[in-house]
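What follows is start.cif (mmCIF, C-alpha atoms).
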```
data_entry
#
loop_
_atom_site.label_atom_id
_atom_site.label_comp_id
_atom_site.auth_asym_id
_atom_site.auth_seq_id
_atom_site.Cartn_x
_atom_site.Cartn_y
_atom_site.Cartn_z
CA MET A 1 -36.95 0.01 -58.10
CA HIS A 2 -34.85 -1.18 -55.17
CA VAL A 3 -32.10 1.33 -56.05
CA ASN A 4 -34.56 4.23 -56.23
CA LYS A 5 -36.11 3.27 -52.89
CA SER A 6 -32.71 3.13 -51.18
CA CYS A 7 -31.67 6.49 -52.63
CA PHE A 8 -34.91 7.97 -51.31
CA LEU A 9 -34.20 6.53 -47.85
CA LEU A 10 -30.72 8.10 -47.91
CA PHE A 11 -32.19 11.45 -48.92
CA LEU A 12 -34.79 11.19 -46.14
CA LEU A 13 -32.17 10.26 -43.52
CA LEU A 14 -29.85 13.15 -44.31
CA SER A 15 -32.78 15.59 -44.59
CA ILE A 16 -33.98 14.62 -41.10
CA LEU A 17 -30.49 15.12 -39.72
CA LEU A 18 -30.24 18.52 -41.38
CA ILE A 19 -33.53 19.89 -40.04
CA PRO A 20 -32.19 20.93 -36.61
CA LEU A 21 -29.21 22.67 -38.19
CA SER A 22 -31.31 24.78 -40.54
CA ALA A 23 -33.98 25.76 -38.00
CA SER A 24 -32.34 29.11 -37.29
CA ALA A 25 -30.37 31.36 -39.61
CA ASP A 26 -27.96 32.15 -36.76
CA PHE A 27 -27.55 28.57 -35.52
CA GLY A 28 -24.58 26.38 -36.22
CA PRO A 29 -20.84 26.93 -36.39
CA LYS A 30 -19.46 30.33 -37.26
CA PRO A 31 -15.96 31.26 -38.42
CA ARG A 32 -13.52 30.42 -35.66
CA LEU A 33 -9.85 31.02 -35.02
CA THR A 34 -7.90 29.47 -32.16
CA VAL A 35 -4.47 30.79 -31.21
CA ILE A 36 -2.56 28.35 -29.02
CA VAL A 37 0.35 30.00 -27.23
CA THR A 38 3.10 27.59 -26.27
CA ASN A 39 5.61 28.43 -23.53
CA PRO A 40 3.44 31.27 -22.22
CA PRO A 41 4.61 33.41 -19.28
CA GLU A 42 3.14 32.74 -15.84
CA GLU A 43 2.24 36.41 -15.46
CA GLU A 44 -0.76 37.95 -17.21
CA TYR A 45 -0.36 39.08 -20.81
CA TYR A 46 -2.92 40.23 -23.40
CA LEU A 47 -3.33 38.82 -26.91
CA ASP A 48 -5.43 40.38 -29.65
CA LEU A 49 -5.70 40.20 -33.43
CA LEU A 50 -4.67 43.09 -35.64
CA ILE A 51 -6.90 43.86 -38.63
CA ASP A 52 -6.12 46.10 -41.59
CA TYR A 53 -9.06 48.50 -41.34
CA ASP A 54 -10.35 51.18 -38.98
CA ALA A 55 -14.11 50.72 -38.64
CA PRO A 56 -14.93 50.13 -34.97
CA LEU A 57 -18.64 49.45 -35.40
CA TYR A 58 -18.61 46.74 -32.73
CA ASP A 59 -17.02 47.15 -29.30
CA ASN A 60 -16.14 43.53 -28.66
CA ILE A 61 -15.10 43.91 -25.01
CA GLU A 62 -17.70 46.44 -23.87
CA ASP A 63 -18.87 44.28 -20.96
CA THR A 64 -15.39 43.65 -19.56
CA ARG A 65 -13.49 46.81 -20.48
CA ASP A 66 -13.62 48.27 -16.94
CA LEU A 67 -12.10 45.07 -15.51
CA LEU A 68 -9.01 45.08 -17.74
CA ASP A 69 -5.51 46.39 -17.06
CA ALA A 70 -5.64 50.04 -18.11
CA GLU A 71 -2.08 50.31 -19.42
CA LYS A 72 -2.19 47.11 -21.47
CA LEU A 73 -5.61 48.07 -22.81
CA SER A 74 -4.35 51.51 -23.83
CA LEU A 75 -1.43 49.98 -25.74
CA LEU A 76 -3.88 47.87 -27.73
CA GLU A 77 -6.51 50.56 -28.28
CA ASN A 78 -3.97 53.08 -29.54
CA HIS A 79 -1.83 50.73 -31.62
CA GLY A 80 -3.02 51.74 -35.11
CA ILE A 81 0.45 51.39 -36.68
CA SER A 82 0.58 51.25 -40.49
CA GLY A 83 -3.18 50.84 -40.69
CA TRP A 84 -3.44 47.80 -38.40
CA TYR A 85 -5.87 47.99 -35.47
CA ALA A 86 -6.64 45.70 -32.54
CA ALA A 87 -9.80 43.74 -33.32
CA LEU A 88 -11.21 43.08 -29.86
CA THR A 89 -10.15 46.31 -28.20
CA HIS A 90 -10.44 48.83 -31.06
CA GLY A 91 -13.44 47.26 -32.79
CA THR A 92 -14.50 45.45 -35.95
CA LYS A 93 -17.02 45.76 -38.78
CA ALA A 94 -18.79 42.61 -37.61
CA SER A 95 -19.11 41.21 -34.12
CA LEU A 96 -16.14 39.21 -32.83
CA TRP A 97 -16.12 37.00 -29.77
CA GLY A 98 -12.97 36.49 -27.75
CA LYS A 99 -10.92 37.31 -24.65
CA LEU A 100 -7.61 39.09 -24.28
CA THR A 101 -6.50 36.56 -21.68
CA GLY A 102 -6.12 32.93 -22.68
CA GLU A 103 -7.38 29.78 -21.03
CA ARG A 104 -4.57 27.69 -19.56
CA ARG A 105 -4.55 24.09 -20.82
CA GLU A 106 -1.76 21.64 -20.09
CA GLY A 107 0.94 24.28 -20.03
CA ASP A 108 -0.35 26.20 -23.08
CA ALA A 109 -2.64 29.23 -23.28
CA VAL A 110 -5.59 28.97 -25.66
CA HIS A 111 -7.13 32.12 -27.16
CA SER A 112 -10.40 31.56 -29.01
CA PHE A 113 -11.94 34.03 -31.47
CA GLY A 114 -15.26 33.47 -33.15
CA TYR A 115 -18.26 34.81 -35.06
CA MET A 116 -18.52 36.87 -38.23
CA GLY A 117 -15.76 39.32 -37.32
CA VAL A 118 -12.99 36.72 -37.60
CA PRO A 119 -10.64 38.32 -40.19
CA ASP A 120 -9.37 36.67 -43.37
CA LYS A 121 -5.92 38.10 -42.71
CA TYR A 122 -4.50 39.31 -39.44
CA LYS A 123 -1.49 39.74 -37.22
CA ILE A 124 -1.15 38.57 -33.65
CA ILE A 125 -0.33 41.30 -31.15
CA ILE A 126 0.81 40.54 -27.62
CA ILE A 127 1.24 42.91 -24.69
CA THR A 128 3.76 41.19 -22.42
CA PRO A 129 3.56 41.24 -18.60
CA GLU A 130 6.17 44.03 -18.79
CA ASN A 131 3.88 45.99 -21.18
CA LYS A 132 6.07 45.48 -24.23
CA VAL A 133 4.40 45.10 -27.62
CA THR A 134 5.10 42.10 -29.87
CA VAL A 135 3.55 41.74 -33.33
CA THR A 136 3.79 38.82 -35.77
CA ARG A 137 3.90 38.87 -39.54
CA THR A 138 0.65 38.91 -41.52
CA ILE A 139 -1.19 35.58 -41.37
CA ASN A 140 -3.82 34.50 -43.90
CA LYS A 141 -6.73 32.39 -42.66
CA VAL A 142 -6.72 29.11 -44.61
CA SER A 143 -10.01 27.65 -43.44
CA TYR A 144 -13.38 28.51 -41.94
CA VAL A 145 -12.25 26.98 -38.65
CA SER A 146 -8.51 27.29 -38.15
CA THR A 147 -5.81 26.95 -35.51
CA VAL A 148 -2.48 28.76 -35.21
CA TYR A 149 0.34 27.98 -32.80
CA TYR A 150 2.44 30.82 -31.40
CA ASP A 151 5.63 30.16 -29.46
CA TYR A 152 5.90 32.92 -26.87
CA GLU A 153 9.63 32.37 -26.33
CA THR A 154 10.70 32.45 -30.00
CA GLY A 155 7.92 34.63 -31.43
CA GLU A 156 7.30 32.13 -34.24
CA GLU A 157 3.84 31.08 -35.40
CA THR A 158 2.82 28.01 -37.35
CA GLY A 159 -0.48 26.76 -38.71
CA LEU A 160 -1.94 23.85 -40.63
CA THR A 161 -1.10 23.86 -44.32
CA LEU A 162 -3.73 23.34 -47.01
CA ALA A 163 -2.07 20.05 -47.91
CA TRP A 164 -2.44 18.71 -44.37
CA ILE A 165 -6.07 19.86 -44.20
CA TYR A 166 -6.85 17.83 -47.31
CA VAL A 167 -4.92 14.82 -46.01
CA LYS A 168 -6.76 15.02 -42.69
CA GLN A 169 -10.14 15.17 -44.43
CA PHE A 170 -9.19 12.24 -46.67
CA LEU A 171 -8.22 10.07 -43.70
CA MET A 172 -11.29 11.17 -41.75
CA SER A 173 -13.56 9.99 -44.55
CA LEU A 174 -11.56 6.99 -45.80
CA LEU A 175 -10.83 5.10 -42.58
CA PRO A 176 -14.39 5.04 -41.15
CA THR A 177 -15.70 4.21 -44.64
CA LEU A 178 -13.39 1.22 -44.97
CA ILE A 179 -14.33 -0.03 -41.50
CA LEU A 180 -18.09 0.41 -41.85
CA GLU A 181 -18.46 -0.63 -45.48
CA GLY A 182 -16.04 -3.50 -44.86
CA ALA A 183 -18.27 -4.72 -42.05
CA VAL A 184 -21.30 -4.54 -44.34
CA LEU A 185 -19.28 -6.42 -46.96
CA LEU A 186 -18.85 -9.28 -44.51
CA LEU A 187 -22.52 -9.20 -43.57
CA PHE A 188 -23.37 -9.68 -47.24
CA ARG A 189 -20.92 -12.62 -47.24
CA PHE A 190 -18.60 -11.20 -49.87
CA LYS A 191 -15.13 -12.58 -49.18
CA THR A 192 -13.08 -13.34 -52.31
CA ALA A 193 -9.76 -11.61 -53.03
CA LEU A 194 -11.21 -10.03 -56.18
CA THR A 195 -14.10 -8.53 -54.22
CA LEU A 196 -11.73 -7.15 -51.60
CA GLY A 197 -9.47 -5.64 -54.28
CA VAL A 198 -12.40 -3.97 -56.04
CA PHE A 199 -13.75 -2.74 -52.68
CA LEU A 200 -10.45 -1.07 -51.75
CA SER A 201 -9.83 0.41 -55.22
CA VAL A 202 -13.31 1.84 -55.61
CA ASN A 203 -13.30 3.40 -52.15
CA LEU A 204 -9.88 4.98 -52.64
CA ILE A 205 -11.15 6.67 -55.80
CA THR A 206 -14.53 7.78 -54.44
CA GLN A 207 -13.11 9.03 -51.13
CA ALA A 208 -10.45 11.02 -52.97
CA GLY A 209 -13.23 12.70 -54.93
CA MET A 210 -15.22 13.33 -51.75
CA THR A 211 -12.15 14.84 -50.08
CA LEU A 212 -11.61 17.27 -52.92
CA VAL A 213 -15.21 18.49 -52.84
CA MET A 214 -15.87 18.42 -49.10
CA SER A 215 -12.54 19.91 -48.00
CA THR A 216 -12.94 22.79 -50.44
CA SER A 217 -16.49 23.33 -49.21
CA LEU A 218 -15.42 23.27 -45.57
CA LEU A 219 -12.52 25.63 -46.20
CA LYS A 220 -14.54 28.19 -48.11
CA LEU A 221 -18.11 27.91 -46.84
CA GLY A 222 -18.11 26.24 -43.44
CA LEU A 223 -19.97 23.29 -41.99
CA LEU A 224 -23.61 24.05 -42.72
CA ALA A 225 -22.99 24.67 -46.41
CA SER A 226 -20.93 21.48 -46.48
CA TYR A 227 -23.91 19.48 -45.25
CA VAL A 228 -25.87 20.75 -48.23
CA VAL A 229 -23.01 19.66 -50.51
CA LEU A 230 -22.73 16.28 -48.77
CA LEU A 231 -26.06 14.95 -50.04
CA PRO A 232 -25.44 15.27 -53.80
CA VAL A 233 -21.86 14.07 -53.32
CA GLU A 234 -23.12 10.95 -51.56
CA LEU A 235 -25.70 10.34 -54.29
CA VAL A 236 -23.00 10.57 -56.96
CA ILE A 237 -20.82 8.17 -54.98
CA ILE A 238 -23.71 5.73 -54.62
CA ALA A 239 -24.30 5.79 -58.37
CA ALA A 240 -20.59 5.27 -59.05
CA GLU A 241 -20.20 2.42 -56.58
CA VAL A 242 -23.42 0.72 -57.65
CA THR A 243 -22.11 0.70 -61.22
CA ALA A 244 -18.63 -0.44 -60.20
CA PHE A 245 -19.74 -3.26 -57.92
CA ALA A 246 -22.48 -4.41 -60.30
CA PHE A 247 -20.10 -4.86 -63.22
CA LEU A 248 -16.66 -5.47 -61.66
CA LEU A 249 -17.59 -8.08 -59.07
CA THR A 250 -18.24 -11.69 -59.97
CA GLU A 251 -19.31 -12.86 -56.52
CA GLY A 252 -23.05 -13.07 -55.80
CA THR A 253 -25.91 -11.89 -57.97
CA ARG A 254 -26.01 -8.44 -59.54
CA LYS A 255 -28.98 -7.49 -57.33
CA LYS A 256 -27.00 -8.51 -54.26
CA ARG A 257 -24.02 -6.37 -55.34
CA ILE A 258 -26.28 -3.36 -55.92
CA ALA A 259 -28.01 -3.89 -52.58
CA TYR A 260 -24.62 -4.01 -50.86
CA ALA A 261 -23.40 -0.78 -52.49
CA ILE A 262 -26.54 1.12 -51.47
CA THR A 263 -26.63 -0.26 -47.91
CA ALA A 264 -22.94 0.36 -47.29
CA ASN A 265 -23.14 3.94 -48.53
CA ILE A 266 -26.18 4.76 -46.42
CA VAL A 267 -24.26 3.60 -43.35
CA SER A 268 -21.09 5.52 -44.24
CA ALA A 269 -23.05 8.66 -45.18
CA ALA A 270 -24.70 8.76 -41.75
CA ALA A 271 -21.29 8.25 -40.14
CA MET A 272 -19.79 11.08 -42.20
CA PHE A 273 -22.53 13.45 -41.06
CA LEU A 274 -21.78 12.66 -37.41
CA LEU A 275 -18.00 12.86 -37.88
CA LEU A 276 -18.25 16.30 -39.46
CA ALA A 277 -20.51 17.47 -36.64
CA MET A 278 -18.10 16.20 -33.99
CA GLU A 279 -15.04 17.62 -35.76
CA TYR A 280 -16.58 21.09 -36.00
CA SER A 281 -18.08 21.12 -32.52
CA VAL A 282 -21.79 20.92 -33.33
CA LEU A 283 -22.53 17.85 -31.25
CA VAL A 284 -19.69 18.18 -28.76
CA GLY A 285 -18.24 21.18 -27.06
#
```

Can you present the structure in this file as structure tokens?
Amino acid sequence: MHVNKSCFLLFLLLSILLIPLSASADFGPKPRLTVIVTNPPEEEYYLDLLIDYDAPLYDNIEDTRDLLDAEKLSLLENHGISGWYAALTHGTKASLWGKLTGERREGDAVHSFGYMGVPDKYKIIIITPENKVTVTRTINKVSYVSTVYYDYETGEETGLTLAWIYVKQFLMSLLPTLILEGAVLLLFRFKTALTLGVFLSVNLITQAGMTLVMSTSLLKLGLLASYVVLLPVELVIIAAEVTAFAFLLTEGTRKKRIAYAITANIVSAAAMFLLLAMEYSVLVG
């Protein structure tokens, strides 16, 4: 009965947190691509994305077109080489947010692109201050929210690999879990070496499973869909850890071990919700 009540409380907590995010079909994070240009020139240059289709249904710079450099803009609008067209200046099938000029940050220039028109594959095109055209190789988007670094001096671009994305997600879930659930472990006065060993082993296994599911969900579906996935994943983890702690630990009563597993997971689940929100810019800008 105590287990069922705690599971219900977890469900209620996550449901309450999810209500604001599901209030509007257009609310929440959209696909986003950030191009960080290192060693940028001091003079003004333009940067756009090239897409492999010609369907300019959305004019993405309609409001600012008259304010832009006419020659640079013409080079982008009329690029169309080998079936690749400038996304912001020529147009896209779905709306795309962005600016041709980057925002200067600590010596770099940051170009942000967002909304449903962010392409799955693209090239970066740059019109230099001298009105020369530079185009990169084809780049495939690896995640719903991704970042690419472009070195203006060498013309080389680099991005996060899938392996690093999974490692990052694993550390983001494992470290806070160990800290929070470890604190709850002490509050329940569990302190033997066996208990600590079981605690570490179980969490390494469960967080590896969570990483596999959540990272794949984030990569393919984005944040809001991942919140939907998070609830059943957490319930499965609770069931697994309740079973593990109930039968593998020898310290305390079985009811106490079960109560610990449920309490610790409720705390870490709430923390995971907030960490995902912060990482994907829902709660912070």

When the PyMOL selection byres ((chain A and resi 86) around 9) is applied to the structure above, which residues does it catch, written out as an mmCIF file with C-alpha atoms, in the coordinates of the input?
```cif
data_model
loop_
_atom_site.group_PDB
_atom_site.id
_atom_site.type_symbol
_atom_site.label_atom_id
_atom_site.label_comp_id
_atom_site.auth_asym_id
_atom_site.auth_seq_id
_atom_site.Cartn_x
_atom_site.Cartn_y
_atom_site.Cartn_z
ATOM 1 C CA ASP A 48 -5.430 40.380 -29.650
ATOM 2 C CA LEU A 49 -5.700 40.200 -33.430
ATOM 3 C CA LEU A 50 -4.670 43.090 -35.640
ATOM 4 C CA ILE A 51 -6.900 43.860 -38.630
ATOM 5 C CA LEU A 76 -3.880 47.870 -27.730
ATOM 6 C CA GLU A 77 -6.510 50.560 -28.280
ATOM 7 C CA ASN A 78 -3.970 53.080 -29.540
ATOM 8 C CA HIS A 79 -1.830 50.730 -31.620
ATOM 9 C CA GLY A 80 -3.020 51.740 -35.110
ATOM 10 C CA TRP A 84 -3.440 47.800 -38.400
ATOM 11 C CA TYR A 85 -5.870 47.990 -35.470
ATOM 12 C CA ALA A 87 -9.800 43.740 -33.320
ATOM 13 C CA LEU A 88 -11.210 43.080 -29.860
ATOM 14 C CA THR A 89 -10.150 46.310 -28.200
ATOM 15 C CA HIS A 90 -10.440 48.830 -31.060
ATOM 16 C CA GLY A 91 -13.440 47.260 -32.790
ATOM 17 C CA THR A 92 -14.500 45.450 -35.950
ATOM 18 C CA ILE A 125 -0.330 41.300 -31.150
#
```

Next item on the list: Could you expand the PyMOL selection byres ((chain A and resi 196) around 12) into the explicit residues it covers here, written as a PyMOL selection string?
Entry: chain A and resi 178+181-183+185-186+189-195+197-203+245+248-251

Expected answer as a PDB file with C-alpha atoms, in the coordinates of the input: all residues with atoms within 12 Å of (-20.9, 7.4, -53.1), only C-alpha atoms:
```pdb
ATOM      1  CA  CYS A   7     -31.670   6.490 -52.630  1.00  0.00           C
ATOM      2  CA  LEU A  10     -30.720   8.100 -47.910  1.00  0.00           C
ATOM      3  CA  SER A 173     -13.560   9.990 -44.550  1.00  0.00           C
ATOM      4  CA  LEU A 174     -11.560   6.990 -45.800  1.00  0.00           C
ATOM      5  CA  THR A 177     -15.700   4.210 -44.640  1.00  0.00           C
ATOM      6  CA  GLU A 181     -18.460  -0.630 -45.480  1.00  0.00           C
ATOM      7  CA  VAL A 202     -13.310   1.840 -55.610  1.00  0.00           C
ATOM      8  CA  ASN A 203     -13.300   3.400 -52.150  1.00  0.00           C
ATOM      9  CA  LEU A 204      -9.880   4.980 -52.640  1.00  0.00           C
ATOM     10  CA  ILE A 205     -11.150   6.670 -55.800  1.00  0.00           C
ATOM     11  CA  THR A 206     -14.530   7.780 -54.440  1.00  0.00           C
ATOM     12  CA  GLN A 207     -13.110   9.030 -51.130  1.00  0.00           C
ATOM     13  CA  ALA A 208     -10.450  11.020 -52.970  1.00  0.00           C
ATOM     14  CA  GLY A 209     -13.230  12.700 -54.930  1.00  0.00           C
ATOM     15  CA  MET A 210     -15.220  13.330 -51.750  1.00  0.00           C
ATOM     16  CA  THR A 211     -12.150  14.840 -50.080  1.00  0.00           C
ATOM     17  CA  LEU A 230     -22.730  16.280 -48.770  1.00  0.00           C
ATOM     18  CA  LEU A 231     -26.060  14.950 -50.040  1.00  0.00           C
ATOM     19  CA  PRO A 232     -25.440  15.270 -53.800  1.00  0.00           C
ATOM     20  CA  VAL A 233     -21.860  14.070 -53.320  1.00  0.00           C
ATOM     21  CA  GLU A 234     -23.120  10.950 -51.560  1.00  0.00           C
ATOM     22  CA  LEU A 235     -25.700  10.340 -54.290  1.00  0.00           C
ATOM     23  CA  VAL A 236     -23.000  10.570 -56.960  1.00  0.00           C
ATOM     24  CA  ILE A 237     -20.820   8.170 -54.980  1.00  0.00           C
ATOM     25  CA  ILE A 238     -23.710   5.730 -54.620  1.00  0.00           C
ATOM     26  CA  ALA A 239     -24.300   5.790 -58.370  1.00  0.00           C
ATOM     27  CA  ALA A 240     -20.590   5.270 -59.050  1.00  0.00           C
ATOM     28  CA  GLU A 241     -20.200   2.420 -56.580  1.00  0.00           C
ATOM     29  CA  VAL A 242     -23.420   0.720 -57.650  1.00  0.00           C
ATOM     30  CA  THR A 243     -22.110   0.700 -61.220  1.00  0.00           C
ATOM     31  CA  ALA A 244     -18.630  -0.440 -60.200  1.00  0.00           C
ATOM     32  CA  PHE A 245     -19.740  -3.260 -57.920  1.00  0.00           C
ATOM     33  CA  ALA A 261     -23.400  -0.780 -52.490  1.00  0.00           C
ATOM     34  CA  ILE A 262     -26.540   1.120 -51.470  1.00  0.00           C
ATOM     35  CA  THR A 263     -26.630  -0.260 -47.910  1.00  0.00           C
ATOM     36  CA  ALA A 264     -22.940   0.360 -47.290  1.00  0.00           C
ATOM     37  CA  ASN A 265     -23.140   3.940 -48.530  1.00  0.00           C
ATOM     38  CA  ILE A 266     -26.180   4.760 -46.420  1.00  0.00           C
ATOM     39  CA  VAL A 267     -24.260   3.600 -43.350  1.00  0.00           C
ATOM     40  CA  SER A 268     -21.090   5.520 -44.240  1.00  0.00           C
ATOM     41  CA  ALA A 269     -23.050   8.660 -45.180  1.00  0.00           C
ATOM     42  CA  MET A 272     -19.790  11.080 -42.200  1.00  0.00           C
TER      43      MET A 272
END
```

Next item on the list: To verify the selection step, state as a ChimeraX atom specification which residues the PyMOL selection byres ((chain A and resi 57-65) around 9) yields on this input.
Entry: /A:55-56,66-70,73,87-100

Note to self: List the spatial neighbours of Asn131 (chain A) as a list in words - criterion: any atom at most 10 Å away, only C-alpha atoms, same-chain residues fewer than 5 positions off excluded.
What the structure shows: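 Near Asn131 (chain A), the qualifying residues are Tyr45, Tyr46, Glu71, Lys72, Leu73, Leu75 and Ile126 of chain A.
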
Next item on the list: Go ahead and compute the interatomic distance for CA of Leu171 (chain A) and CA of Leu274 (chain A), in Å to one decimal.
Entry: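 It comes out at 15.2 Å.
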
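CA of Lys123 (chain A) to CA of Asp108 (chain A) spans 19.6 Å [interatomic distance, one decimal].
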
Margin query: To one decimal place in Å, what is the distance between CA of Gly117 (chain A) and CA of Ala163 (chain A)?
Written below: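 Those two atoms sit 25.9 Å apart.
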
Item checked: Minimum-distance residue to Val229 (chain A), chosen among A:Ile36, A:Phe188, A:Phe273, A:Val133 (using only C-alpha atoms) ->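 Residue with the minimum atom-to-atom distance to Val229 (chain A): A:Phe273.
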
Checklist line | Selected residue, from A:Met214, A:Tyr260, A:Tyr150, A:Ala246, that lies nearest to Leu276 (chain A) when counting only C-alpha atoms | finding: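 The answer is A:Met214, which sits nearest to Leu276 (chain A).
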
Checklist line | Residue with smallest distance to Glu156 (chain A) - pool A:Thr253, A:Asn39, A:Thr216, A:Thr34, counting only C-alpha atoms | finding: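 Ranked by minimum distance to Glu156 (chain A), first place goes to A:Asn39.
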
Next item on the list: Point out the residue among A:Gly83, A:Val37, A:Phe113, A:Ala259 with the least atom-to-atom distance to Val184 (chain A), counting all atoms listed in the file.
Entry: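 Under the stated criterion, the closest residue is A:Ala259.
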
Margin query: Could you check the closest approach to Ile124 (chain A) for each of A:Leu275, A:Val167, A:Ala109, A:Leu47 and tell me which residue wins, using only C-alpha atoms?
Written below: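 With only C-alpha atoms as the atom set, the closest residue is A:Leu47.
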
Since fewer atoms than expected are present, regenerate N, CA and C atoms for region 198-219 of chain A and write them as a PDB file, in the coordinates of the input.
```pdb
ATOM      1  N   VAL A 198     -11.482  -4.945 -55.446  1.00  0.00           N
ATOM      2  CA  VAL A 198     -12.400  -3.970 -56.040  1.00  0.00           C
ATOM      3  C   VAL A 198     -12.910  -3.011 -54.970  1.00  0.00           C
ATOM      4  N   PHE A 199     -13.254  -3.550 -53.807  1.00  0.00           N
ATOM      5  CA  PHE A 199     -13.750  -2.740 -52.680  1.00  0.00           C
ATOM      6  C   PHE A 199     -12.739  -1.656 -52.305  1.00  0.00           C
ATOM      7  N   LEU A 200     -11.488  -2.033 -52.140  1.00  0.00           N
ATOM      8  CA  LEU A 200     -10.450  -1.070 -51.750  1.00  0.00           C
ATOM      9  C   LEU A 200     -10.209  -0.043 -52.854  1.00  0.00           C
ATOM     10  N   SER A 201     -10.121  -0.492 -54.097  1.00  0.00           N
ATOM     11  CA  SER A 201      -9.830   0.410 -55.220  1.00  0.00           C
ATOM     12  C   SER A 201     -10.942   1.432 -55.416  1.00  0.00           C
ATOM     13  N   VAL A 202     -12.175   0.958 -55.389  1.00  0.00           N
ATOM     14  CA  VAL A 202     -13.310   1.840 -55.610  1.00  0.00           C
ATOM     15  C   VAL A 202     -13.402   2.882 -54.502  1.00  0.00           C
ATOM     16  N   ASN A 203     -13.195   2.453 -53.253  1.00  0.00           N
ATOM     17  CA  ASN A 203     -13.300   3.400 -52.150  1.00  0.00           C
ATOM     18  C   ASN A 203     -12.166   4.410 -52.136  1.00  0.00           C
ATOM     19  N   LEU A 204     -10.980   4.015 -52.544  1.00  0.00           N
ATOM     20  CA  LEU A 204      -9.880   4.980 -52.640  1.00  0.00           C
ATOM     21  C   LEU A 204     -10.221   6.081 -53.644  1.00  0.00           C
ATOM     22  N   ILE A 205     -10.813   5.694 -54.758  1.00  0.00           N
ATOM     23  CA  ILE A 205     -11.150   6.670 -55.800  1.00  0.00           C
ATOM     24  C   ILE A 205     -12.295   7.575 -55.346  1.00  0.00           C
ATOM     25  N   THR A 206     -13.366   6.972 -54.827  1.00  0.00           N
ATOM     26  CA  THR A 206     -14.530   7.780 -54.440  1.00  0.00           C
ATOM     27  C   THR A 206     -14.225   8.682 -53.253  1.00  0.00           C
ATOM     28  N   GLN A 207     -13.431   8.201 -52.286  1.00  0.00           N
ATOM     29  CA  GLN A 207     -13.110   9.030 -51.130  1.00  0.00           C
ATOM     30  C   GLN A 207     -12.142  10.153 -51.491  1.00  0.00           C
ATOM     31  N   ALA A 208     -11.304   9.927 -52.493  1.00  0.00           N
ATOM     32  CA  ALA A 208     -10.450  11.020 -52.970  1.00  0.00           C
ATOM     33  C   ALA A 208     -11.300  12.120 -53.586  1.00  0.00           C
ATOM     34  N   GLY A 209     -12.313  11.724 -54.357  1.00  0.00           N
ATOM     35  CA  GLY A 209     -13.230  12.700 -54.930  1.00  0.00           C
ATOM     36  C   GLY A 209     -14.007  13.437 -53.860  1.00  0.00           C
ATOM     37  N   MET A 210     -14.484  12.698 -52.844  1.00  0.00           N
ATOM     38  CA  MET A 210     -15.220  13.330 -51.750  1.00  0.00           C
ATOM     39  C   MET A 210     -14.332  14.322 -51.003  1.00  0.00           C
ATOM     40  N   THR A 211     -13.076  13.953 -50.776  1.00  0.00           N
ATOM     41  CA  THR A 211     -12.150  14.840 -50.080  1.00  0.00           C
ATOM     42  C   THR A 211     -11.976  16.156 -50.824  1.00  0.00           C
ATOM     43  N   LEU A 212     -11.810  16.066 -52.120  1.00  0.00           N
ATOM     44  CA  LEU A 212     -11.610  17.270 -52.920  1.00  0.00           C
ATOM     45  C   LEU A 212     -12.800  18.216 -52.803  1.00  0.00           C
ATOM     46  N   VAL A 213     -13.997  17.663 -52.893  1.00  0.00           N
ATOM     47  CA  VAL A 213     -15.210  18.490 -52.840  1.00  0.00           C
ATOM     48  C   VAL A 213     -15.480  18.984 -51.425  1.00  0.00           C
ATOM     49  N   MET A 214     -15.480  18.058 -50.453  1.00  0.00           N
ATOM     50  CA  MET A 214     -15.870  18.420 -49.100  1.00  0.00           C
ATOM     51  C   MET A 214     -14.838  19.322 -48.418  1.00  0.00           C
ATOM     52  N   SER A 215     -13.558  19.061 -48.625  1.00  0.00           N
ATOM     53  CA  SER A 215     -12.540  19.910 -48.000  1.00  0.00           C
ATOM     54  C   SER A 215     -12.618  21.331 -48.544  1.00  0.00           C
ATOM     55  N   THR A 216     -12.797  21.462 -49.851  1.00  0.00           N
ATOM     56  CA  THR A 216     -12.940  22.790 -50.440  1.00  0.00           C
ATOM     57  C   THR A 216     -14.166  23.494 -49.894  1.00  0.00           C
ATOM     58  N   SER A 217     -15.260  22.751 -49.755  1.00  0.00           N
ATOM     59  CA  SER A 217     -16.490  23.330 -49.210  1.00  0.00           C
ATOM     60  C   SER A 217     -16.298  23.763 -47.767  1.00  0.00           C
ATOM     61  N   LEU A 218     -15.659  22.922 -46.965  1.00  0.00           N
ATOM     62  CA  LEU A 218     -15.420  23.270 -45.570  1.00  0.00           C
ATOM     63  C   LEU A 218     -14.497  24.473 -45.425  1.00  0.00           C
ATOM     64  N   LEU A 219     -13.470  24.532 -46.263  1.00  0.00           N
ATOM     65  CA  LEU A 219     -12.520  25.630 -46.200  1.00  0.00           C
ATOM     66  C   LEU A 219     -13.159  26.955 -46.558  1.00  0.00           C
TER      67      LEU A 219
END
```
